[in-house]
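Beneath this line is the structure, given in structure tokens, with notes to follow.
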Amino acid sequence: MADPFYITTAIHYPNGRPHIGHAYEMVAADAIARFQRQAGRDVLFQTGTDEHGLKMVQAARDRDMPVRDLANEMSSYFHAMADRLGISYDRFMRTVDEDHYAASSAIWQAMADAGDLYLDRYEGWYSVRDEAFYDESELTGEGDDRRSPQGTPVEWTAEETWFFRLSKYQQPLLDLFAANPDFIRPESRRNEVMRFVEGGLKDLSVSRTSFDWGVPVPGSPGHVMYVWVDALTNYLTGIGYPDMNGDKAKYWPADIHLIGKDIVRFHAVYWPAFLLSAGIPLPKSVFGHGFLLTRGEKMSKSVGNVVDPMALADAFGVDALRYFFLREVSFGQDGSYSPEAIVMRVNAELANSFGNLAQRTLSFIAKNLGGEFPTAGTVQDADGMLIEEVVVACAGFKSGFTDLALSQGIEAWMRGVFACNQYIDAQAPWALRKTDPERMNAVLRTLVRAIRMLAIAILPVVPESAGKVLDQIGATERDHAAIDDDGWYDRIAASDFRIAPPSPVFPRLEMPAEA
């Protein structure tokens, strides 16, 4: 049986339309999921929307509409974006789903049974925008202009609430981090969380009575669960909790929760504490990626620099956008976006390098050999050396994606592409056609082999485009084992398949007029 692999994005808060940061996270998770499927893993990939909480209530009030109608509308935009960007999710979770209410009630009851929930009165600072409580010591500003560590406004809140005994889990969490250095990645996020926990944990308010849009607290009329209790539980909903013997239970514990760096505390402190309380195994890793900045500035509605990912996909193409996200940004760090940067990166590496390599090789075969795969011809050392460089490049891509060093993996892949371009320029098959057809055959054969390997390797990043390249050469097997399949070429050459005159797969981009 294939080894299970469970990856999740954060479920996105839909009080506004999706922005480029949501798209970036989905694309990164999708590329990892596709890569793991190629490796032969049995993958469960979950994304979705987190639809409860005070922010949604306020947004619905501002638009004078029922909050459920707002949730349906806004969630649909995220669903549409996932489909537009080719996100290969297995479940699009909505926290209004019936099975999610059941899972949230079950984990609440498990924490109550452990003696970790008690009723008291909460008085303190709350940020509606973050849906988070903050200690006085964490705030900046004075008087009416107090701000959270994220710079969001906070307000004084007082109400009866259920508390979770978070303080009880301070030492167990520190022990967890010490025993599992990769539980929080990258290391900078781990260090932040360690400092926070070492500073002392206070019990956490986990219910609200000031509004009713949320999962009801079992046996406590008037209380709904704090939005983060129900949001985090979505990862268990997706595997069928509380039934831990069902067909999807094999995917737990999750391999990766992929989230933005601004919500690491919730996932690396609150979430494992809830799970420890409920007696549920902990996820293997929480990875907090960086922000995607617009020309170096954080996106903000007030500044007016929020970017619509659907407009970007329309302007540049989905695969171009996916490639830029994963190639440009060192995964885990902040990165910067601009239309000029997308055009430059995609034209230099996809259009001019890999796209041009495939186009001129396959066009030459279609035109000069009637689409027939070249025979072995006269082999030289340069041929084997190129294949070896491509093998190393594909291995570097695999290594990078295995370690979540996504941009470094693509950089390794590009070295294989550059090697192919140096080879084709040096060997000049168009000149050999007249002077040494046997040598031309060997060169073209080597190039087709290399192009196939490179196209399979890069499939997780640009699935549609790389898939078209593989279609053009009749390569149907596309997992990692296929990259190492040395017998493929002879089998396809002996078949009836012919290479048709290809259409360019990676067109050169132009700057959009409005950019």
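Ordered as shown in the structure tokens, chains take letters A, B, and onward, while each chain numbers its residues from 1 and ligands are numbered from 1 in the order shown.
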
Neighbours of segment 265-267 of chain A within 9 Å (only C-alpha atoms; same-chain residues fewer than 2 positions away dropped), as an mmCIF file with N, CA and C atoms, in the first residue's frame?
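Here's the written file result.cif:
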```cif
data_model
loop_
_atom_site.group_PDB
_atom_site.id
_atom_site.type_symbol
_atom_site.label_atom_id
_atom_site.label_comp_id
_atom_site.auth_asym_id
_atom_site.auth_seq_id
_atom_site.Cartn_x
_atom_site.Cartn_y
_atom_site.Cartn_z
ATOM 1 N N GLU A 192 10.598 31.837 17.259
ATOM 2 C CA GLU A 192 9.567 32.777 17.732
ATOM 3 C C GLU A 192 8.595 32.069 18.678
ATOM 4 N N VAL A 193 8.164 30.882 18.275
ATOM 5 C CA VAL A 193 7.190 30.140 19.083
ATOM 6 C C VAL A 193 7.817 29.708 20.411
ATOM 7 N N PHE A 196 7.824 32.577 22.767
ATOM 8 C CA PHE A 196 6.469 32.866 23.239
ATOM 9 C C PHE A 196 6.065 31.900 24.353
ATOM 10 N N TRP A 228 -11.105 29.965 16.515
ATOM 11 C CA TRP A 228 -9.907 29.174 16.253
ATOM 12 C C TRP A 228 -10.048 27.717 16.701
ATOM 13 N N LEU A 232 -9.274 25.234 13.588
ATOM 14 C CA LEU A 232 -8.190 24.260 13.637
ATOM 15 C C LEU A 232 -8.708 22.828 13.523
ATOM 16 N N HIS A 257 0.949 20.980 7.906
ATOM 17 C CA HIS A 257 0.005 22.099 7.886
ATOM 18 C C HIS A 257 0.774 23.280 7.286
ATOM 19 N N ILE A 259 0.856 27.053 6.317
ATOM 20 C CA ILE A 259 0.115 28.233 6.775
ATOM 21 C C ILE A 259 0.972 29.484 6.625
ATOM 22 N N LYS A 261 2.849 32.879 8.062
ATOM 23 C CA LYS A 261 3.639 33.065 9.283
ATOM 24 C C LYS A 261 2.866 33.813 10.374
ATOM 25 N N ASP A 262 1.802 34.547 9.989
ATOM 26 C CA ASP A 262 1.060 35.328 10.972
ATOM 27 C C ASP A 262 0.128 34.472 11.831
ATOM 28 N N ILE A 263 -0.068 33.201 11.460
ATOM 29 C CA ILE A 263 -0.957 32.348 12.270
ATOM 30 C C ILE A 263 -0.213 31.126 12.811
ATOM 31 N N VAL A 269 1.006 26.321 18.911
ATOM 32 C CA VAL A 269 0.815 26.384 20.366
ATOM 33 C C VAL A 269 -0.589 25.886 20.719
ATOM 34 N N TYR A 270 -1.617 26.586 20.261
ATOM 35 C CA TYR A 270 -2.980 26.218 20.632
ATOM 36 C C TYR A 270 -3.359 24.833 20.107
ATOM 37 N N TRP A 271 -3.080 24.586 18.823
ATOM 38 C CA TRP A 271 -3.522 23.341 18.175
ATOM 39 C C TRP A 271 -2.900 22.100 18.829
ATOM 40 N N PRO A 272 -1.571 22.035 18.990
ATOM 41 C CA PRO A 272 -1.037 20.841 19.663
ATOM 42 C C PRO A 272 -1.515 20.704 21.107
ATOM 43 N N VAL A 286 4.410 21.826 11.091
ATOM 44 C CA VAL A 286 3.715 23.075 10.779
ATOM 45 C C VAL A 286 4.730 23.957 10.053
#
```

**Contacts of Gln46 of chain A at 7 Å (only C-alpha atoms; same-chain gap of 4+ positions) as an MDAnalysis selection string** = chainID A and resid 7:9 89:93

**Request:** Just the residues within 12 Å of Gly474 of chain A, please, counting only C-alpha atoms, with nothing from its chain fewer than 3 positions along; format it as a list in words.
**Result:** Leu362, Gly371, Glu372, Phe373, Val448, Arg449, Arg452, Gly467, Lys468, Val469, Leu470, Asp471, Glu477, Arg478, Trp488, Tyr489, Arg491, Ile492, Ala493, Ser495, Asp496, Phe497, Arg498, Ile499 and Ala500 of chain A

**Prompt:** Which residue, A:Leu139, A:Ile451, A:Met440, A:Leu117, has the smallest gap to Asp203 of chain A when you use only C-alpha atoms?
**Reply:**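 Closest residue, counting only C-alpha atoms: A:Leu117.
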
**Item:** Spatial neighbours of Thr152 of chain A, 7 Å, only C-alpha atoms, chain gap at least 4 places, as an NGL selection string
**Value:** :A and (127 or 129 or 147-148)

**Request:** Using only C-alpha atoms, determine which residues lie at most 12 Å from Asp247 of chain A, disregarding the query and same-chain residues fewer than 4 positions distant; provide the list as a ChimeraX atom specification.
**Result:** /A:4,44,238-241,243,251-252

**Message:** What's around segment 133-136 of chain A at 9 Å? Count only C-alpha atoms, leave out sequence neighbours fewer than 4 positions away in its own chain, and write the answer as a ChimeraX atom specification.
**Reply:** /A:124-128,140,148-149,154,204-205

Only all heavy atoms, please: the residues just picked out, written as a PDB file, in the first residue's frame.
```
ATOM      1  N   GLY A 124     -10.426  41.371  28.773  1.00  0.00           N
ATOM      2  CA  GLY A 124      -9.114  41.592  28.170  1.00  0.00           C
ATOM      3  C   GLY A 124      -9.235  42.159  26.772  1.00  0.00           C
ATOM      4  O   GLY A 124     -10.318  42.529  26.313  1.00  0.00           O
ATOM      5  N   TRP A 125      -8.083  42.224  26.101  1.00  0.00           N
ATOM      6  CA  TRP A 125      -7.994  42.853  24.785  1.00  0.00           C
ATOM      7  C   TRP A 125      -8.225  41.819  23.682  1.00  0.00           C
ATOM      8  O   TRP A 125      -7.648  40.741  23.711  1.00  0.00           O
ATOM      9  CB  TRP A 125      -6.634  43.513  24.609  1.00  0.00           C
ATOM     10  CG  TRP A 125      -6.402  44.623  25.592  1.00  0.00           C
ATOM     11  CD1 TRP A 125      -5.642  44.587  26.718  1.00  0.00           C
ATOM     12  CD2 TRP A 125      -6.978  45.931  25.517  1.00  0.00           C
ATOM     13  NE1 TRP A 125      -5.698  45.798  27.367  1.00  0.00           N
ATOM     14  CE2 TRP A 125      -6.512  46.661  26.649  1.00  0.00           C
ATOM     15  CE3 TRP A 125      -7.835  46.575  24.618  1.00  0.00           C
ATOM     16  CZ2 TRP A 125      -6.869  47.969  26.889  1.00  0.00           C
ATOM     17  CZ3 TRP A 125      -8.194  47.890  24.860  1.00  0.00           C
ATOM     18  CH2 TRP A 125      -7.723  48.573  25.986  1.00  0.00           C
ATOM     19  N   TYR A 126      -9.058  42.201  22.719  1.00  0.00           N
ATOM     20  CA  TYR A 126      -9.406  41.296  21.615  1.00  0.00           C
ATOM     21  C   TYR A 126      -9.307  42.054  20.306  1.00  0.00           C
ATOM     22  O   TYR A 126      -9.783  43.186  20.193  1.00  0.00           O
ATOM     23  CB  TYR A 126     -10.831  40.763  21.793  1.00  0.00           C
ATOM     24  CG  TYR A 126     -11.196  39.676  20.811  1.00  0.00           C
ATOM     25  CD1 TYR A 126     -10.666  38.390  20.948  1.00  0.00           C
ATOM     26  CD2 TYR A 126     -12.057  39.917  19.743  1.00  0.00           C
ATOM     27  CE1 TYR A 126     -10.996  37.378  20.052  1.00  0.00           C
ATOM     28  CE2 TYR A 126     -12.391  38.910  18.841  1.00  0.00           C
ATOM     29  CZ  TYR A 126     -11.857  37.645  19.010  1.00  0.00           C
ATOM     30  OH  TYR A 126     -12.180  36.653  18.130  1.00  0.00           O
ATOM     31  N   SER A 127      -8.664  41.412  19.304  1.00  0.00           N
ATOM     32  CA  SER A 127      -8.619  41.976  17.957  1.00  0.00           C
ATOM     33  C   SER A 127      -9.630  41.238  17.095  1.00  0.00           C
ATOM     34  O   SER A 127      -9.490  40.036  16.869  1.00  0.00           O
ATOM     35  CB  SER A 127      -7.225  41.831  17.346  1.00  0.00           C
ATOM     36  OG  SER A 127      -7.293  42.038  15.942  1.00  0.00           O
ATOM     37  N   VAL A 128     -10.630  41.963  16.633  1.00  0.00           N
ATOM     38  CA  VAL A 128     -11.645  41.351  15.767  1.00  0.00           C
ATOM     39  C   VAL A 128     -11.002  40.899  14.459  1.00  0.00           C
ATOM     40  O   VAL A 128     -11.271  39.806  13.955  1.00  0.00           O
ATOM     41  CB  VAL A 128     -12.794  42.348  15.490  1.00  0.00           C
ATOM     42  CG1 VAL A 128     -13.777  41.752  14.492  1.00  0.00           C
ATOM     43  CG2 VAL A 128     -13.495  42.712  16.790  1.00  0.00           C
ATOM     44  N   THR A 140       0.852  47.685  21.512  1.00  0.00           N
ATOM     45  CA  THR A 140       1.552  48.948  21.279  1.00  0.00           C
ATOM     46  C   THR A 140       0.515  50.068  21.287  1.00  0.00           C
ATOM     47  O   THR A 140      -0.684  49.824  21.170  1.00  0.00           O
ATOM     48  CB  THR A 140       2.294  48.938  19.938  1.00  0.00           C
ATOM     49  OG1 THR A 140       1.331  48.686  18.883  1.00  0.00           O
ATOM     50  CG2 THR A 140       3.354  47.856  19.900  1.00  0.00           C
ATOM     51  N   SER A 148      -2.541  45.464  18.276  1.00  0.00           N
ATOM     52  CA  SER A 148      -1.971  44.131  18.488  1.00  0.00           C
ATOM     53  C   SER A 148      -0.552  44.087  17.920  1.00  0.00           C
ATOM     54  O   SER A 148      -0.121  45.025  17.240  1.00  0.00           O
ATOM     55  CB  SER A 148      -2.833  43.097  17.754  1.00  0.00           C
ATOM     56  OG  SER A 148      -2.582  43.180  16.356  1.00  0.00           O
ATOM     57  N   PRO A 149       0.177  42.987  18.142  1.00  0.00           N
ATOM     58  CA  PRO A 149       1.497  42.864  17.521  1.00  0.00           C
ATOM     59  C   PRO A 149       1.444  42.900  15.987  1.00  0.00           C
ATOM     60  O   PRO A 149       2.438  43.224  15.345  1.00  0.00           O
ATOM     61  CB  PRO A 149       1.979  41.485  18.004  1.00  0.00           C
ATOM     62  CG  PRO A 149       1.233  41.224  19.258  1.00  0.00           C
ATOM     63  CD  PRO A 149      -0.104  41.873  19.080  1.00  0.00           C
ATOM     64  N   VAL A 154      -7.403  46.794  18.707  1.00  0.00           N
ATOM     65  CA  VAL A 154      -7.940  45.885  19.726  1.00  0.00           C
ATOM     66  C   VAL A 154      -9.019  46.620  20.521  1.00  0.00           C
ATOM     67  O   VAL A 154      -9.043  47.842  20.566  1.00  0.00           O
ATOM     68  CB  VAL A 154      -6.840  45.377  20.688  1.00  0.00           C
ATOM     69  CG1 VAL A 154      -5.839  44.518  19.939  1.00  0.00           C
ATOM     70  CG2 VAL A 154      -6.142  46.522  21.400  1.00  0.00           C
ATOM     71  N   LEU A 204      -6.694  30.070  27.967  1.00  0.00           N
ATOM     72  CA  LEU A 204      -7.227  30.698  26.754  1.00  0.00           C
ATOM     73  C   LEU A 204      -8.749  30.695  26.762  1.00  0.00           C
ATOM     74  O   LEU A 204      -9.375  29.653  26.990  1.00  0.00           O
ATOM     75  CB  LEU A 204      -6.711  29.914  25.532  1.00  0.00           C
ATOM     76  CG  LEU A 204      -7.129  30.394  24.154  1.00  0.00           C
ATOM     77  CD1 LEU A 204      -6.470  31.737  23.836  1.00  0.00           C
ATOM     78  CD2 LEU A 204      -6.720  29.359  23.092  1.00  0.00           C
ATOM     79  N   SER A 205      -9.336  31.857  26.486  1.00  0.00           N
ATOM     80  CA  SER A 205     -10.793  31.939  26.326  1.00  0.00           C
ATOM     81  C   SER A 205     -11.186  31.236  25.035  1.00  0.00           C
ATOM     82  O   SER A 205     -10.671  31.558  23.962  1.00  0.00           O
ATOM     83  CB  SER A 205     -11.223  33.407  26.281  1.00  0.00           C
ATOM     84  OG  SER A 205     -12.566  33.520  25.871  1.00  0.00           O
TER      85      SER A 205
END
```

Enumerate, in order of chain and increasing residue number, the residues of segment 342-427 of chain A with an atom no farther than 9 Å from segment 504-514 of chain A, each with its shortest atom pair and distance in Å to one decimal, counting only C-alpha atoms, as a Markdown table.
```
| residue | atom | partner | partner_atom | distance |
| --- | --- | --- | --- | --- |
| A:Ile342 | CA | A:Leu509 | CA | 8.6 |
| A:Val343 | CA | A:Leu509 | CA | 5.7 |
| A:Met344 | CA | A:Leu509 | CA | 8.4 |
| A:Val346 | CA | A:Leu509 | CA | 7.4 |
| A:Asn347 | CA | A:Arg508 | CA | 5.5 |
| A:Ala348 | CA | A:Arg508 | CA | 8.9 |
| A:Leu350 | CA | A:Phe506 | CA | 6.1 |
| A:Ala351 | CA | A:Phe506 | CA | 4.9 |
| A:Asn352 | CA | A:Arg508 | CA | 7.7 |
| A:Phe354 | CA | A:Phe506 | CA | 8.2 |
| A:Gly355 | CA | A:Phe506 | CA | 5.2 |
| A:Asn356 | CA | A:Pro504 | CA | 7.9 |
| A:Ala358 | CA | A:Pro504 | CA | 8.4 |
| A:Gln359 | CA | A:Pro504 | CA | 6.0 |
```

**Request:** Rank A:Asp64, A:Asp99, A:Asp436, A:Asp69 by their smallest atom-to-atom distance to Thr233 of chain A, using only C-alpha atoms, and report the top residue only.
**Result:** A:Asp99
